[in-house]
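Working notes for the structure below.
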Amino acid sequence: MQGCDGSVLLDSANKTAEKDAQPNQTLRGFGFVERVKAAVEKACPDTVSCADILALIARDAVWLSKGPFWTVPLGRRDGSVSISNETDALPPPTSNFTVLTQLFAAVNLDAKDLVVLSAGHTIGTSHCFSFSDRLYNFTGMENPSDIDPTLEPQYMMRLKSKCASLNDNTTLVEMDPGSFKTFDTDYFKLVSKRRGLFHSDGALLTDPFTRAYVQRHATGAFKDEFFADFAASMIKMGNANPLTGSQGEIRKKCSVVNH
């Protein structure tokens with residue numbers, strides 16, 4: 001993970017790029033990004049980087065899901081390196097609070113950014129393999145009784161009905177059941193009831209500061225405040241080690257470096 005330089009968009013002939021790494025196996029939309037890039041190139045050649053396009057698409061996806069809108073700082077340049085094992089710096093869904101804060105701090109993000117950005121889980125889906133150890137293999141026993149005791153029992157049974165085994169790697173589950181296409185504060189309601197899908201979601205209840213933030217926004221009474229916080233944290237995350245000025249390049253196609 002080079003930073004905000006569009007490296008995740010690069011293809012590799014021998015499958016060693018970031019998009020080939022396990023954490024990114026479920027990423028989709030690369031073709032859409034290429035279509036946007038082609039349209040931008042036609043209108044304004046060699047001007048807007050793939051890194052900036054990705055940041056703008058992320059903002060618009062949130063806004064179109066009824067979330068906040070923010071001004072995206074532009075001027076990023078595209079990198080030419082994409083290495084699969086650099087995704088080890090991404091916070092895995094199995095992380096505890098200590099690991100999460102360390103990985104976030106490495107890119108200048110703090111505990112508030114952690115709890116705020118985790119709420120991005122209010123939209124989208126996840127494959128069972130990202131959390132099924134909580135249902136069948138919490139301590140390494142690999143049986144139906146080896147469950148995560150911090151997961152609310154009724155929710156756990158509902159998840160087990162969808163993810164039938166530890167080996168299910170195809171089933172998709174809504175991260176925010178009932179409103180997974182809408183950006184709202186329901187994520188915090190779920191986490192406060194111990195119904196966060198991932199270890200990392202539940203971990204927010206293990207720290208006094210993040211727990212208090214979850215509980216405040218679980219009320220649903222401070223939507224504007226949360227939306228402003230999310231916009232600020234997205235801008236902050238978008239400033240993680242970007243290439244600017246004469247660094248990098250502006251790719252003509254997002255999947256390959258210029259020749």
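Residue names in the structure tokens use chain letters A, B, ... in the order shown, residue numbers from 1 in each chain, and ligand numbers from 1 in the order shown.
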Taking only C-alpha atoms into account, produce a table as a Markdown table in which each residue of range 94-187 of chain A with an atom at most 12 Å from an atom of range 21-27 of chain A appears once, together with its shortest atom pair and the distance in Å to one decimal, ordered by chain and rising number.
| residue | atom | partner | partner_atom | distance |
| --- | --- | --- | --- | --- |
| A:Thr94 | CA | A:Pro23 | CA | 11.4 |
| A:Gly124 | CA | A:Leu27 | CA | 11.2 |
| A:Thr125 | CA | A:Thr26 | CA | 9.8 |
| A:Ser126 | CA | A:Thr26 | CA | 8.3 |
| A:His127 | CA | A:Thr26 | CA | 7.9 |
| A:Cys128 | CA | A:Thr26 | CA | 11.4 |
| A:Phe129 | CA | A:Pro23 | CA | 10.9 |
| A:Ser130 | CA | A:Pro23 | CA | 9.2 |
| A:Asn169 | CA | A:Thr26 | CA | 10.4 |
| A:Thr170 | CA | A:Thr26 | CA | 10.1 |
| A:Thr171 | CA | A:Thr26 | CA | 11.6 |
| A:Leu172 | CA | A:Thr26 | CA | 10.3 |
- Query: Which neighbours of range 70-73 of chain A fall inside 8 Å, counting only C-alpha atoms, when residues of the same chain fewer than 4 positions from it are skipped, and could you give them as a list of chain:residue names?
  - Reply: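 Non-adjacent residues within range: A:Ala55, A:Leu56, A:Arg59, A:Ala231, A:Ile235.
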- Just list the residues in range 85-179 of chain A DSSP gives alpha helix (DSSP H) on the backbone, as an NGL selection string. :A and (97-105 or 111-118 or 133-136 or 153-162)
Write a file of the selected residues as a short mmCIF file (atom, residue, chain, number, x, y, z; two decimals), in the first residue's frame, keeping N, CA and C atoms.
data_model
loop_
_atom_site.label_atom_id
_atom_site.label_comp_id
_atom_site.auth_asym_id
_atom_site.auth_seq_id
_atom_site.Cartn_x
_atom_site.Cartn_y
_atom_site.Cartn_z
N PHE A 97 -8.46 -3.87 19.23
CA PHE A 97 -8.34 -2.41 19.28
C PHE A 97 -6.88 -1.95 19.22
N THR A 98 -5.99 -2.66 19.88
CA THR A 98 -4.58 -2.28 19.89
C THR A 98 -3.99 -2.31 18.49
N VAL A 99 -4.25 -3.38 17.76
CA VAL A 99 -3.74 -3.50 16.39
C VAL A 99 -4.35 -2.42 15.50
N LEU A 100 -5.64 -2.20 15.64
CA LEU A 100 -6.31 -1.18 14.83
C LEU A 100 -5.68 0.20 15.03
N THR A 101 -5.49 0.58 16.27
CA THR A 101 -4.95 1.92 16.54
C THR A 101 -3.52 2.04 16.03
N GLN A 102 -2.74 0.96 16.10
CA GLN A 102 -1.37 1.00 15.58
C GLN A 102 -1.35 1.18 14.06
N LEU A 103 -2.21 0.44 13.36
CA LEU A 103 -2.25 0.52 11.90
C LEU A 103 -2.78 1.88 11.45
N PHE A 104 -3.75 2.42 12.16
CA PHE A 104 -4.28 3.75 11.81
C PHE A 104 -3.23 4.83 12.10
N ALA A 105 -2.53 4.71 13.23
CA ALA A 105 -1.52 5.71 13.59
C ALA A 105 -0.40 5.76 12.56
N ALA A 111 -7.78 7.60 17.09
CA ALA A 111 -8.90 6.77 17.54
C ALA A 111 -10.24 7.31 17.06
N LYS A 112 -10.35 8.63 16.95
CA LYS A 112 -11.61 9.19 16.43
C LYS A 112 -11.78 8.81 14.96
N ASP A 113 -10.72 8.92 14.19
CA ASP A 113 -10.80 8.51 12.78
C ASP A 113 -11.18 7.04 12.68
N LEU A 114 -10.66 6.23 13.58
CA LEU A 114 -10.96 4.80 13.57
C LEU A 114 -12.45 4.53 13.75
N VAL A 115 -13.05 5.12 14.76
CA VAL A 115 -14.47 4.85 15.02
C VAL A 115 -15.35 5.49 13.94
N VAL A 116 -14.95 6.64 13.45
CA VAL A 116 -15.72 7.34 12.42
C VAL A 116 -15.67 6.58 11.09
N LEU A 117 -14.48 6.19 10.66
CA LEU A 117 -14.33 5.51 9.37
C LEU A 117 -14.87 4.08 9.41
N SER A 118 -14.86 3.46 10.59
CA SER A 118 -15.46 2.12 10.71
C SER A 118 -16.93 2.15 10.33
N ASP A 133 -14.92 -17.03 11.58
CA ASP A 133 -14.23 -17.59 12.74
C ASP A 133 -14.96 -17.23 14.03
N ARG A 134 -15.71 -16.13 14.04
CA ARG A 134 -16.49 -15.75 15.22
C ARG A 134 -17.64 -16.72 15.46
N LEU A 135 -18.01 -17.45 14.42
CA LEU A 135 -19.16 -18.36 14.50
C LEU A 135 -18.75 -19.81 14.75
N TYR A 136 -17.54 -20.19 14.30
CA TYR A 136 -17.17 -21.60 14.32
C TYR A 136 -15.75 -21.90 14.81
N PRO A 153 -26.23 -13.18 20.85
CA PRO A 153 -26.62 -14.54 20.47
C PRO A 153 -27.61 -14.64 19.31
N GLN A 154 -28.64 -13.82 19.30
CA GLN A 154 -29.62 -13.91 18.22
C GLN A 154 -29.00 -13.53 16.88
N TYR A 155 -28.16 -12.51 16.90
CA TYR A 155 -27.48 -12.09 15.68
C TYR A 155 -26.53 -13.19 15.20
N MET A 156 -25.85 -13.81 16.17
CA MET A 156 -24.94 -14.89 15.82
C MET A 156 -25.68 -16.03 15.12
N MET A 157 -26.84 -16.40 15.63
CA MET A 157 -27.61 -17.48 15.02
C MET A 157 -28.08 -17.10 13.62
N ARG A 158 -28.41 -15.84 13.43
CA ARG A 158 -28.82 -15.37 12.11
C ARG A 158 -27.65 -15.47 11.12
N LEU A 159 -26.46 -15.12 11.60
CA LEU A 159 -25.28 -15.22 10.75
C LEU A 159 -24.96 -16.68 10.42
N LYS A 160 -25.14 -17.56 11.40
CA LYS A 160 -24.88 -18.99 11.16
C LYS A 160 -25.84 -19.56 10.13
N SER A 161 -27.05 -19.02 10.08
CA SER A 161 -28.02 -19.51 9.10
C SER A 161 -27.63 -19.10 7.68
N LYS A 162 -26.84 -18.03 7.58
CA LYS A 162 -26.38 -17.56 6.26
C LYS A 162 -25.03 -18.18 5.90
#
- Message: Restricting the calculation to only C-alpha atoms: of A:Ser200, A:Ser65, A:Ser165, A:Ser12, which residue gets closest to Asn96 in chain A?
- Response: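 Closest to Asn96 in chain A, using only C-alpha atoms: A:Ser200.
Proximity of A:Asn14, A:Pro242, A:Pro144, A:Val36 to Ile83 in chain A, computed with only C-alpha atoms, is greatest for A:Asn14.
Within range 148-246 of chain A, the backbone-based DSSP assignment of strand (DSSP E or B) covers Leu172, Val173, Glu174 and Leu243 of chain A.
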- Item | Residue contacts of Arg194 in chain A (6 Å, only C-alpha atoms) excluding same-chain residues fewer than 2 positions away, as number ranges by chain | A: 151-152, 191-192, 196
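Ranking A:Lys19, A:His199, A:Arg216, A:Arg77 by their shortest atom-to-atom distance to Asp148 in chain A, with only C-alpha atoms included, puts A:His199 first.
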